[in-house]
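> work-v6.cif (mmCIF, C-alpha atoms) pasted underneath:
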data_my_file
#
loop_
_atom_site.group_PDB
_atom_site.id
_atom_site.type_symbol
_atom_site.label_atom_id
_atom_site.label_comp_id
_atom_site.auth_asym_id
_atom_site.auth_seq_id
_atom_site.Cartn_x
_atom_site.Cartn_y
_atom_site.Cartn_z
ATOM 1 C CA MET B 85 16.401 17.908 16.763
ATOM 2 C CA ARG B 86 12.732 18.649 16.323
ATOM 3 C CA LEU B 87 11.040 17.934 13.012
ATOM 4 C CA LYS B 88 7.460 18.509 11.955
ATOM 5 C CA ILE B 89 6.505 15.462 9.900
ATOM 6 C CA ASN B 90 3.087 15.346 8.279
ATOM 7 C CA GLY B 91 1.829 17.894 10.766
ATOM 8 C CA GLN B 92 3.216 16.161 13.871
ATOM 9 C CA LEU B 93 6.210 17.290 15.903
ATOM 10 C CA GLN B 94 8.774 14.574 16.537
ATOM 11 C CA ASN B 95 12.093 14.587 18.388
ATOM 12 C CA PHE B 96 15.221 12.896 17.119
ATOM 13 C CA ALA B 97 18.356 12.332 19.163
ATOM 14 C CA GLN B 98 20.885 12.564 16.365
ATOM 15 C CA GLU B 99 21.401 14.383 13.083
ATOM 16 C CA LEU B 100 19.784 12.736 10.084
ATOM 17 C CA THR B 101 19.697 12.810 6.332
ATOM 18 C CA ILE B 102 16.386 12.229 4.564
ATOM 19 C CA SER B 103 17.458 8.675 3.736
ATOM 20 C CA GLN B 104 18.284 7.971 7.377
ATOM 21 C CA LEU B 105 14.975 9.425 8.515
ATOM 22 C CA LEU B 106 12.989 7.238 6.107
ATOM 23 C CA GLU B 107 14.965 4.244 7.303
ATOM 24 C CA GLN B 108 14.289 5.096 10.932
ATOM 25 C CA LEU B 109 10.574 5.445 10.211
ATOM 26 C CA GLN B 110 10.699 2.134 8.325
ATOM 27 C CA LEU B 111 9.416 3.666 5.117
ATOM 28 C CA VAL B 112 10.408 2.351 1.701
ATOM 29 C CA ALA B 113 12.090 5.309 0.060
ATOM 30 C CA LYS B 114 11.079 4.582 -3.498
ATOM 31 C CA GLN B 115 7.397 4.648 -2.581
ATOM 32 C CA ILE B 116 7.543 8.015 -0.839
ATOM 33 C CA VAL B 117 7.688 11.561 -2.123
ATOM 34 C CA VAL B 118 9.389 14.013 0.192
ATOM 35 C CA GLU B 119 8.685 17.688 0.529
ATOM 36 C CA LEU B 120 11.099 19.597 2.764
ATOM 37 C CA ASN B 121 9.983 23.080 3.805
ATOM 38 C CA ARG B 122 7.597 23.118 0.811
ATOM 39 C CA GLU B 123 10.340 22.136 -1.628
ATOM 40 C CA ILE B 124 10.105 18.782 -3.402
ATOM 41 C CA LEU B 125 13.166 16.617 -2.938
ATOM 42 C CA THR B 126 13.613 14.020 -5.645
ATOM 43 C CA ALA B 127 14.968 10.626 -4.600
ATOM 44 C CA ASP B 128 18.501 11.357 -5.814
ATOM 45 C CA ARG B 129 18.800 14.039 -3.112
ATOM 46 C CA HIS B 130 17.615 11.950 -0.166
ATOM 47 C CA ALA B 131 21.049 10.649 0.788
ATOM 48 C CA THR B 132 22.782 14.023 0.633
ATOM 49 C CA THR B 133 20.154 16.263 2.232
ATOM 50 C CA ARG B 134 20.708 16.820 5.966
ATOM 51 C CA LEU B 135 17.790 17.775 8.152
ATOM 52 C CA ASN B 136 17.919 20.745 10.502
ATOM 53 C CA ASP B 137 16.100 21.497 13.723
ATOM 54 C CA GLY B 138 12.690 22.992 12.953
ATOM 55 C CA ASP B 139 12.383 21.555 9.453
ATOM 56 C CA THR B 140 8.928 20.753 8.154
ATOM 57 C CA LEU B 141 8.494 17.599 6.130
ATOM 58 C CA GLU B 142 5.677 16.095 4.157
ATOM 59 C CA LEU B 143 5.995 12.400 3.372
ATOM 60 C CA ILE B 144 3.514 11.452 0.709
ATOM 61 C CA GLN B 145 2.546 8.282 -1.090
ATOM 62 C CA PHE B 146 0.056 7.026 -3.634
ATOM 63 C CA VAL B 147 -3.238 5.662 -2.386
ATOM 64 C CA GLY B 148 -6.363 4.491 -4.129
ATOM 65 C CA GLY B 149 -8.381 7.274 -5.710
ATOM 66 C CA GLY B 150 -10.724 8.056 -8.566
ATOM 67 C CA MET R 289 -12.392 -1.052 -30.840
ATOM 68 C CA ASP R 290 -10.966 1.931 -32.665
ATOM 69 C CA PRO R 291 -8.044 3.397 -30.735
ATOM 70 C CA LEU R 292 -8.309 6.358 -28.402
ATOM 71 C CA ILE R 293 -5.520 8.889 -28.753
ATOM 72 C CA ILE R 294 -4.737 11.274 -25.918
ATOM 73 C CA ALA R 295 -1.794 13.641 -26.238
ATOM 74 C CA GLY R 296 -0.336 11.497 -29.007
ATOM 75 C CA ARG R 297 -0.528 8.286 -27.003
ATOM 76 C CA THR R 298 -2.686 5.412 -28.269
ATOM 77 C CA PHE R 299 -5.012 3.374 -26.065
ATOM 78 C CA HIS R 300 -7.157 0.409 -27.027
ATOM 79 C CA SER R 301 -9.554 0.718 -24.123
ATOM 80 C CA ARG R 302 -11.983 3.584 -23.684
ATOM 81 C CA LEU R 303 -12.641 2.804 -20.047
ATOM 82 C CA MET R 304 -10.505 4.402 -17.361
ATOM 83 C CA VAL R 305 -10.843 3.149 -13.817
ATOM 84 C CA GLY R 306 -10.222 4.643 -10.409
ATOM 85 C CA THR R 307 -8.529 2.685 -7.624
ATOM 86 C CA GLY R 308 -10.338 4.129 -4.591
ATOM 87 C CA LYS R 309 -12.706 2.508 -2.129
ATOM 88 C CA PHE R 310 -12.068 -1.139 -3.047
ATOM 89 C CA ALA R 311 -12.488 -3.640 -0.209
ATOM 90 C CA SER R 312 -9.022 -5.048 -0.924
ATOM 91 C CA ASN R 313 -6.131 -4.615 -3.316
ATOM 92 C CA GLN R 314 -7.075 -7.985 -4.824
ATOM 93 C CA ALA R 315 -10.561 -6.705 -5.631
ATOM 94 C CA MET R 316 -9.071 -3.565 -7.160
ATOM 95 C CA VAL R 317 -6.661 -5.522 -9.350
ATOM 96 C CA ALA R 318 -9.458 -7.870 -10.446
ATOM 97 C CA ALA R 319 -11.673 -4.941 -11.446
ATOM 98 C CA MET R 320 -8.810 -3.315 -13.350
ATOM 99 C CA GLU R 321 -7.936 -6.502 -15.207
ATOM 100 C CA HIS R 322 -11.480 -7.447 -16.134
ATOM 101 C CA SER R 323 -12.355 -3.910 -17.202
ATOM 102 C CA GLY R 324 -9.639 -4.043 -19.867
ATOM 103 C CA SER R 325 -8.601 -0.556 -18.812
ATOM 104 C CA GLU R 326 -5.191 0.869 -19.673
ATOM 105 C CA ILE R 327 -5.424 4.034 -17.570
ATOM 106 C CA VAL R 328 -5.894 3.946 -13.806
ATOM 107 C CA THR R 329 -6.168 6.884 -11.465
ATOM 108 C CA VAL R 330 -4.500 7.170 -8.062
ATOM 109 C CA ALA R 331 -4.444 9.817 -5.331
ATOM 110 C CA LEU R 332 -1.648 11.285 -3.210
ATOM 111 C CA ARG R 333 -1.917 11.442 0.559
ATOM 112 C CA ARG R 334 0.276 11.801 3.620
ATOM 113 C CA VAL R 335 1.906 8.604 4.823
ATOM 114 C CA ASP R 336 0.496 7.436 8.142
ATOM 115 C CA ILE R 337 3.809 7.508 10.018
ATOM 116 C CA ASP R 338 2.542 5.387 12.902
ATOM 117 C CA ASN R 339 1.025 2.782 10.644
ATOM 118 C CA PRO R 340 2.715 2.826 7.227
ATOM 119 C CA LYS R 341 0.950 0.688 4.657
ATOM 120 C CA ASP R 342 2.216 -1.235 1.722
ATOM 121 C CA SER R 343 2.368 0.990 -1.328
ATOM 122 C CA LEU R 344 -0.536 0.797 -3.728
ATOM 123 C CA LEU R 345 1.936 0.883 -6.594
ATOM 124 C CA SER R 346 3.246 -2.597 -5.831
ATOM 125 C CA HIS R 347 -0.143 -3.881 -7.011
ATOM 126 C CA ILE R 348 -0.288 -1.965 -10.298
ATOM 127 C CA ASP R 349 1.728 -3.266 -13.254
ATOM 128 C CA PRO R 350 3.350 -0.234 -14.878
ATOM 129 C CA GLU R 351 3.778 -2.128 -18.158
ATOM 130 C CA ARG R 352 0.052 -2.634 -18.416
ATOM 131 C CA TYR R 353 -1.404 0.564 -16.988
ATOM 132 C CA LEU R 354 -0.688 4.223 -17.342
ATOM 133 C CA LEU R 355 -0.794 5.666 -13.859
ATOM 134 C CA LEU R 356 -2.876 8.823 -13.827
ATOM 135 C CA PRO R 357 -2.425 10.629 -10.500
ATOM 136 C CA ASN R 358 -5.235 12.946 -9.495
ATOM 137 C CA THR R 359 -5.152 16.121 -7.461
ATOM 138 C CA SER R 360 -8.091 15.092 -5.307
ATOM 139 C CA GLY R 361 -8.317 16.943 -2.050
ATOM 140 C CA ALA R 362 -7.134 20.188 -3.641
ATOM 141 C CA ARG R 363 -9.366 23.125 -2.744
ATOM 142 C CA ASP R 364 -7.737 25.656 -5.034
ATOM 143 C CA ALA R 365 -5.315 25.943 -7.946
ATOM 144 C CA ASP R 366 -2.228 26.201 -5.730
ATOM 145 C CA GLU R 367 -2.986 22.987 -3.879
ATOM 146 C CA ALA R 368 -3.674 21.177 -7.146
ATOM 147 C CA ILE R 369 -0.404 22.370 -8.669
ATOM 148 C CA ARG R 370 1.503 21.274 -5.575
ATOM 149 C CA LEU R 371 -0.007 17.785 -5.825
ATOM 150 C CA ALA R 372 0.715 17.550 -9.543
ATOM 151 C CA ARG R 373 4.358 18.418 -8.983
ATOM 152 C CA LEU R 374 4.612 15.861 -6.175
ATOM 153 C CA ALA R 375 3.165 13.189 -8.451
ATOM 154 C CA ARG R 376 5.727 13.965 -11.096
ATOM 155 C CA ALA R 377 8.512 13.907 -8.497
ATOM 156 C CA ALA R 378 7.334 10.423 -7.534
ATOM 157 C CA GLY R 379 8.512 9.291 -10.933
ATOM 158 C CA CYS R 380 5.173 9.259 -12.718
ATOM 159 C CA GLU R 381 4.849 10.364 -16.274
ATOM 160 C CA PRO R 382 3.681 13.953 -16.303
ATOM 161 C CA TRP R 383 0.024 13.067 -16.753
ATOM 162 C CA ILE R 384 -2.365 14.553 -14.233
ATOM 163 C CA LYS R 385 -6.065 14.310 -13.629
ATOM 164 C CA LEU R 386 -6.742 17.805 -12.399
ATOM 165 C CA GLU R 387 -9.416 17.985 -9.700
ATOM 166 C CA VAL R 388 -10.214 21.072 -7.680
ATOM 167 C CA THR R 389 -13.186 20.446 -5.420
ATOM 168 C CA PRO R 390 -13.565 22.974 -2.618
ATOM 169 C CA ASP R 391 -17.098 21.888 -1.718
ATOM 170 C CA PRO R 392 -16.996 18.776 0.516
ATOM 171 C CA TYR R 393 -20.686 17.918 0.142
ATOM 172 C CA TYR R 394 -21.101 17.572 -3.599
ATOM 173 C CA LEU R 395 -17.407 17.587 -4.561
ATOM 174 C CA LEU R 396 -18.243 19.744 -7.535
ATOM 175 C CA PRO R 397 -15.225 21.091 -9.390
ATOM 176 C CA ASP R 398 -14.355 24.780 -9.104
ATOM 177 C CA PRO R 399 -14.296 26.018 -12.710
ATOM 178 C CA ILE R 400 -12.178 29.105 -12.081
ATOM 179 C CA GLU R 401 -9.472 27.403 -10.023
ATOM 180 C CA THR R 402 -9.470 24.436 -12.414
ATOM 181 C CA LEU R 403 -8.858 26.681 -15.410
ATOM 182 C CA LYS R 404 -6.168 28.603 -13.538
ATOM 183 C CA ALA R 405 -4.339 25.421 -12.525
ATOM 184 C CA ALA R 406 -4.724 23.882 -15.995
ATOM 185 C CA GLU R 407 -3.050 26.833 -17.646
ATOM 186 C CA ILE R 408 -0.048 26.686 -15.312
ATOM 187 C CA LEU R 409 0.328 22.903 -15.451
ATOM 188 C CA VAL R 410 0.185 22.837 -19.251
ATOM 189 C CA LYS R 411 2.982 25.421 -19.298
ATOM 190 C CA GLU R 412 4.997 23.205 -16.945
ATOM 191 C CA GLY R 413 4.750 20.368 -19.433
ATOM 192 C CA PHE R 414 1.986 18.326 -17.850
ATOM 193 C CA VAL R 415 -0.559 16.382 -19.866
ATOM 194 C CA VAL R 416 -3.657 17.746 -18.141
ATOM 195 C CA LEU R 417 -6.967 15.882 -17.956
ATOM 196 C CA PRO R 418 -9.300 18.218 -16.084
ATOM 197 C CA TYR R 419 -12.349 17.061 -14.133
ATOM 198 C CA MET R 420 -14.910 19.777 -14.770
ATOM 199 C CA PRO R 421 -18.549 20.787 -14.486
ATOM 200 C CA ALA R 422 -20.433 19.883 -17.665
ATOM 201 C CA ASP R 423 -20.144 23.449 -18.928
ATOM 202 C CA PRO R 424 -19.528 23.781 -22.679
ATOM 203 C CA VAL R 425 -17.985 27.251 -22.331
ATOM 204 C CA LEU R 426 -15.515 26.044 -19.719
ATOM 205 C CA ALA R 427 -14.676 23.025 -21.899
ATOM 206 C CA LYS R 428 -13.690 25.407 -24.693
ATOM 207 C CA ARG R 429 -11.623 27.528 -22.350
ATOM 208 C CA LEU R 430 -9.792 24.464 -21.053
ATOM 209 C CA GLN R 431 -9.096 23.279 -24.609
ATOM 210 C CA GLU R 432 -7.756 26.707 -25.440
ATOM 211 C CA VAL R 433 -5.177 26.592 -22.655
ATOM 212 C CA GLY R 434 -4.025 23.211 -23.931
ATOM 213 C CA THR R 435 -5.605 20.470 -21.842
ATOM 214 C CA ALA R 436 -5.309 16.983 -23.351
ATOM 215 C CA THR R 437 -8.939 16.110 -22.692
ATOM 216 C CA VAL R 438 -11.979 17.534 -20.997
ATOM 217 C CA MET R 439 -13.681 15.432 -18.318
ATOM 218 C CA PRO R 440 -17.208 16.638 -17.651
ATOM 219 C CA LEU R 441 -19.111 15.048 -14.799
ATOM 220 C CA GLY R 442 -22.229 12.951 -15.343
ATOM 221 C CA ALA R 443 -23.344 13.371 -11.733
ATOM 222 C CA PRO R 444 -21.506 14.163 -8.491
ATOM 223 C CA ILE R 445 -18.627 11.804 -7.595
ATOM 224 C CA GLY R 446 -19.703 8.493 -6.131
ATOM 225 C CA THR R 447 -23.436 9.015 -6.610
ATOM 226 C CA ASN R 448 -23.991 6.337 -9.304
ATOM 227 C CA ARG R 449 -26.806 8.487 -10.710
ATOM 228 C CA GLY R 450 -25.802 8.428 -14.357
ATOM 229 C CA LEU R 451 -25.782 11.080 -17.047
ATOM 230 C CA ARG R 452 -27.685 13.844 -15.296
ATOM 231 C CA THR R 453 -25.841 16.414 -17.359
ATOM 232 C CA ARG R 454 -26.642 14.763 -20.666
ATOM 233 C CA ASP R 455 -27.704 17.816 -22.668
ATOM 234 C CA HIS R 456 -24.621 19.824 -21.771
ATOM 235 C CA ILE R 457 -22.326 16.880 -22.402
ATOM 236 C CA ALA R 458 -23.840 16.628 -25.890
ATOM 237 C CA ILE R 459 -22.831 20.237 -26.564
ATOM 238 C CA ILE R 460 -19.345 19.633 -25.159
ATOM 239 C CA ILE R 461 -18.925 16.614 -27.470
ATOM 240 C CA GLU R 462 -20.167 18.608 -30.449
ATOM 241 C CA GLN R 463 -17.662 21.392 -29.832
ATOM 242 C CA ALA R 464 -14.670 19.430 -28.559
ATOM 243 C CA SER R 465 -11.315 19.371 -30.305
ATOM 244 C CA VAL R 466 -9.836 17.066 -27.641
ATOM 245 C CA PRO R 467 -11.192 13.738 -26.332
ATOM 246 C CA VAL R 468 -14.222 14.035 -24.041
ATOM 247 C CA VAL R 469 -14.054 11.687 -21.063
ATOM 248 C CA VAL R 470 -17.219 11.479 -18.994
ATOM 249 C CA ASP R 471 -16.093 11.186 -15.402
ATOM 250 C CA ALA R 472 -18.004 10.785 -12.155
ATOM 251 C CA GLY R 473 -21.476 9.581 -11.360
ATOM 252 C CA LEU R 474 -21.690 6.709 -13.849
ATOM 253 C CA GLY R 475 -23.168 3.882 -11.800
ATOM 254 C CA ALA R 476 -24.196 1.253 -14.345
ATOM 255 C CA PRO R 477 -22.866 -0.119 -17.641
ATOM 256 C CA SER R 478 -25.946 1.380 -19.307
ATOM 257 C CA HIS R 479 -24.824 4.834 -18.142
ATOM 258 C CA ALA R 480 -21.410 4.251 -19.700
ATOM 259 C CA ALA R 481 -22.998 2.941 -22.879
ATOM 260 C CA GLU R 482 -25.254 5.997 -23.044
ATOM 261 C CA ALA R 483 -22.278 8.350 -22.815
ATOM 262 C CA MET R 484 -20.416 6.416 -25.491
ATOM 263 C CA GLU R 485 -23.457 6.271 -27.793
ATOM 264 C CA MET R 486 -23.590 10.061 -27.612
ATOM 265 C CA GLY R 487 -20.028 10.223 -28.877
ATOM 266 C CA ALA R 488 -18.019 10.569 -25.695
ATOM 267 C CA ASP R 489 -14.488 9.327 -26.361
ATOM 268 C CA ALA R 490 -14.088 7.514 -23.048
ATOM 269 C CA VAL R 491 -15.494 7.230 -19.545
ATOM 270 C CA LEU R 492 -13.923 6.998 -16.104
ATOM 271 C CA VAL R 493 -15.512 4.828 -13.424
ATOM 272 C CA ASN R 494 -14.524 4.104 -9.838
ATOM 273 C CA THR R 495 -17.330 3.807 -7.291
ATOM 274 C CA ALA R 496 -19.493 1.584 -9.492
ATOM 275 C CA LEU R 497 -16.667 -0.970 -9.621
ATOM 276 C CA ALA R 498 -15.580 -0.664 -6.011
ATOM 277 C CA ASP R 499 -18.990 -0.614 -4.368
ATOM 278 C CA THR R 500 -20.292 -3.975 -5.544
ATOM 279 C CA PRO R 501 -19.806 -7.495 -4.169
ATOM 280 C CA ASP R 502 -18.153 -8.544 -7.440
ATOM 281 C CA PRO R 503 -15.786 -5.889 -8.831
ATOM 282 C CA ALA R 504 -14.346 -8.266 -11.450
ATOM 283 C CA ALA R 505 -17.770 -8.978 -12.954
ATOM 284 C CA MET R 506 -18.680 -5.299 -12.839
ATOM 285 C CA GLY R 507 -15.408 -4.507 -14.582
ATOM 286 C CA ARG R 508 -16.394 -6.863 -17.396
ATOM 287 C CA ALA R 509 -19.897 -5.419 -17.520
ATOM 288 C CA PHE R 510 -18.588 -1.862 -17.871
ATOM 289 C CA ARG R 511 -16.114 -2.976 -20.506
ATOM 290 C CA LYS R 512 -18.985 -4.381 -22.561
ATOM 291 C CA GLY R 513 -21.113 -1.302 -21.942
ATOM 292 C CA VAL R 514 -18.348 0.988 -23.182
ATOM 293 C CA GLU R 515 -17.641 -1.191 -26.218
ATOM 294 C CA ALA R 516 -21.337 -1.494 -27.073
ATOM 295 C CA GLY R 517 -21.832 2.246 -26.812
ATOM 296 C CA ARG R 518 -18.776 2.998 -28.921
ATOM 297 C CA GLU R 519 -19.772 0.553 -31.646
ATOM 298 C CA ALA R 520 -23.293 1.938 -31.735
ATOM 299 C CA TYR R 521 -21.951 5.466 -32.037
ATOM 300 C CA LEU R 522 -19.632 4.490 -34.887
ATOM 301 C CA ALA R 523 -22.416 2.546 -36.606
ATOM 302 C CA GLY R 524 -24.794 5.509 -36.296
ATOM 303 C CA LEU R 525 -28.005 5.330 -34.283
ATOM 304 C CA GLY R 526 -31.278 5.411 -36.199
ATOM 305 C CA PRO R 527 -33.475 8.490 -35.872
ATOM 306 C CA GLN R 528 -36.103 8.772 -33.141
ATOM 307 C CA ARG R 529 -39.753 9.280 -34.170
ATOM 308 C CA GLN R 530 -42.990 10.142 -32.435
ATOM 309 C CA LYS R 531 -45.180 7.731 -34.404
ATOM 310 C CA ALA R 532 -44.739 4.036 -35.016
ATOM 311 C CA GLU R 533 -43.088 2.914 -38.213
ATOM 312 C CA ALA R 534 -43.754 -0.742 -38.880
ATOM 313 C CA SER R 535 -40.835 -3.084 -39.178
ATOM 314 C CA SER R 536 -42.965 -5.795 -40.824
ATOM 315 C CA PRO R 537 -44.675 -5.360 -44.227
ATOM 316 C CA LEU R 538 -48.059 -3.613 -44.171
ATOM 317 C CA THR R 539 -49.407 -5.840 -46.981
ATOM 318 C CA GLY R 540 -50.465 -9.484 -47.262
ATOM 319 C CA PHE R 541 -52.339 -9.661 -43.974
ATOM 320 C CA LEU R 542 -54.436 -12.801 -43.374
ATOM 321 C CA ARG R 543 -57.751 -10.978 -43.565
ATOM 322 C CA ASN R 544 -60.010 -9.690 -46.295
ATOM 323 C CA ASP R 545 -60.489 -6.001 -45.446
ATOM 324 C CA ARG R 546 -58.233 -3.986 -47.716
#
With the file now loaded, output its structure as structure tokens.


Amino acid sequence: MRLKINGQLQNFAQELTISQLLEQLQLVAKQIVVELNREILTADRHATTRLNDGDTLELIQFVGGG
Amino acid sequence: MDPLIIAGRTFHSRLMVGTGKFASNQAMVAAMEHSGSEIVTVALRRVDIDNPKDSLLSHIDPERYLLLPNTSGARDADEAIRLARLARAAGCEPWIKLEVTPDPYYLLPDPIETLKAAEILVKEGFVVLPYMPADPVLAKRLQEVGTATVMPLGAPIGTNRGLRTRDHIAIIIEQASVPVVVDAGLGAPSHAAEAMEMGADAVLVNTALADTPDPAAMGRAFRKGVEAGREAYLAGLGPQRQKAEASSPLTGFLRNDR
């Protein structure tokens, strides 16, 4: 399965939910906001949302800013 | 200090601080603590997948600070709205510092896109604090669409040049029905004090605190500057004059000419 994550194409061997993807990328779910194909996915949907080949994801977090 | 009320919420500090550009998270936290601030701004960016960093939020006590996400990086209304929605989805309160800055050299806010985004975000239930050019007409238009504050710039972001827009900010303050927060360009406590003496309701500072060897001390200095300016404004500044007016009596001199 090919996913475009933050502008980069990445290949994954098996099917994944959002939660599993974040785990695989070693990201702490509660610190990340997920946008799937331009739709915001709140944290309560991470475990139930399955990713499909060709999906585009944005994984976003807070950083310092003025 | 007298409380500051924004969108029905009461604050006891009139100094907001940004969290960007600090040498370390420790320096940032020290500046925040010593500034006495209760509102801190943050930005949203893509996670670096190859090198994920510790979240900024683990360093900011949510009991002590209201997190005010900004829409920095947005070049138009659509991008700003997208960022605001993402911030809210992250579990933040629906407060947003709206920034639309298409020009990368001076980072000046786009008045038309800012107004457009403000109108939509207010309708979506956001408490909108818009960063804006120091334009009194735009300030009125933003108030009319329901923004919680107006945030005119003193000078371009990060320039530390002070209140270059002073005369227009004075008009904005005179006409405002919402708190006026002077944001951007304030580089010294005296700049903050000047804005507060004029009657600004609050100021927002980032670079001046981050770009110094001692952010904690600068945080304290800005806190005092803001408090001094506010107290002077409430007390009422004396009038300016062209000619001298003696403070000491003009009688009883130790000489014999009249």

> Select, from B:Thr140, B:Asn90, B:Gln104, B:Thr126, the residue with the minimum atom-to-atom distance to Arg333 (chain R), counting only C-alpha atoms.

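Counting only C-alpha atoms, the residue closest to Arg333 (chain R) is B:Asn90.
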
> Going by the chain IDs and residue numbers used in this file, which residues fall under the PyMOL selection byres ((chain R) within 6 of (chain B))? Write them as a ChimeraX atom specification.

/R:306-308,329-335,344,377-378,494

> Now that the selection is made, can you save its residues with C-alpha atoms as a short mmCIF file (atom, residue, chain, number, x, y, z; two decimals), in the frame of the given file?


data_model
loop_
_atom_site.label_atom_id
_atom_site.label_comp_id
_atom_site.auth_asym_id
_atom_site.auth_seq_id
_atom_site.Cartn_x
_atom_site.Cartn_y
_atom_site.Cartn_z
CA GLY R 306 -10.22 4.64 -10.41
CA THR R 307 -8.53 2.68 -7.62
CA GLY R 308 -10.34 4.13 -4.59
CA THR R 329 -6.17 6.88 -11.46
CA VAL R 330 -4.50 7.17 -8.06
CA ALA R 331 -4.44 9.82 -5.33
CA LEU R 332 -1.65 11.28 -3.21
CA ARG R 333 -1.92 11.44 0.56
CA ARG R 334 0.28 11.80 3.62
CA VAL R 335 1.91 8.60 4.82
CA LEU R 344 -0.54 0.80 -3.73
CA ALA R 377 8.51 13.91 -8.50
CA ALA R 378 7.33 10.42 -7.53
CA ASN R 494 -14.52 4.10 -9.84
#

> Near Gln314 (chain R), counting all atoms listed in the file, which residues have an atom at most 10 Å away, once you skip same-chain residues fewer than 5 positions from it, shown as a PyMOL selection string?

chain R and resi 319-320+347+503-504

> Might you pull out every residue within 7 Å of Leu417 (chain R), with all atoms listed in the file counted and same-chain residues fewer than 5 positions away left off, and present them as a list in words?

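In the requested format, the answer is Ile384, Lys385, Leu386, Thr435, Ala436, Thr437, Val438 and Met439 of chain R.
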
> Between R:Gly379, R:Pro537, R:Pro501, R:Gly475, which is the closest to Gly513 (chain R) once you count all atoms listed in the file?

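The answer is R:Gly475, which sits nearest to Gly513 (chain R).
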
> List the residues matched by the PyMOL selection byres ((chain R and resi 468) around 9) in the displayed structure as a list of chain:residue names, ordered by chain and then by residue number.

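Residues picked by the PyMOL selection byres ((chain R and resi 468) around 9): R:Thr437, R:Val438, R:Met439, R:Pro440, R:Ile457, R:Ile460, R:Ile461, R:Ala464, R:Ser465, R:Val466, R:Pro467, R:Val469, R:Val470, R:Gly487, R:Ala488, R:Asp489, R:Ala490, R:Val491.
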
> Selection from above, C-alpha atoms, as an mmCIF file, keeping the file's coordinate frame, can you write it?


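Done, and the output landed in selection-v4.cif:
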data_model
loop_
_atom_site.group_PDB
_atom_site.id
_atom_site.type_symbol
_atom_site.label_atom_id
_atom_site.label_comp_id
_atom_site.auth_asym_id
_atom_site.auth_seq_id
_atom_site.Cartn_x
_atom_site.Cartn_y
_atom_site.Cartn_z
ATOM 1 C CA THR R 437 -8.939 16.110 -22.692
ATOM 2 C CA VAL R 438 -11.979 17.534 -20.997
ATOM 3 C CA MET R 439 -13.681 15.432 -18.318
ATOM 4 C CA PRO R 440 -17.208 16.638 -17.651
ATOM 5 C CA ILE R 457 -22.326 16.880 -22.402
ATOM 6 C CA ILE R 460 -19.345 19.633 -25.159
ATOM 7 C CA ILE R 461 -18.925 16.614 -27.470
ATOM 8 C CA ALA R 464 -14.670 19.430 -28.559
ATOM 9 C CA SER R 465 -11.315 19.371 -30.305
ATOM 10 C CA VAL R 466 -9.836 17.066 -27.641
ATOM 11 C CA PRO R 467 -11.192 13.738 -26.332
ATOM 12 C CA VAL R 469 -14.054 11.687 -21.063
ATOM 13 C CA VAL R 470 -17.219 11.479 -18.994
ATOM 14 C CA GLY R 487 -20.028 10.223 -28.877
ATOM 15 C CA ALA R 488 -18.019 10.569 -25.695
ATOM 16 C CA ASP R 489 -14.488 9.327 -26.361
ATOM 17 C CA ALA R 490 -14.088 7.514 -23.048
ATOM 18 C CA VAL R 491 -15.494 7.230 -19.545
#

> Carefully work through the PyMOL selection byres ((chain R and resi 360) around 7) for this structure and note down the residues it includes, as a ChimeraX atom specification.

/R:331,358-359,361-362,387-388
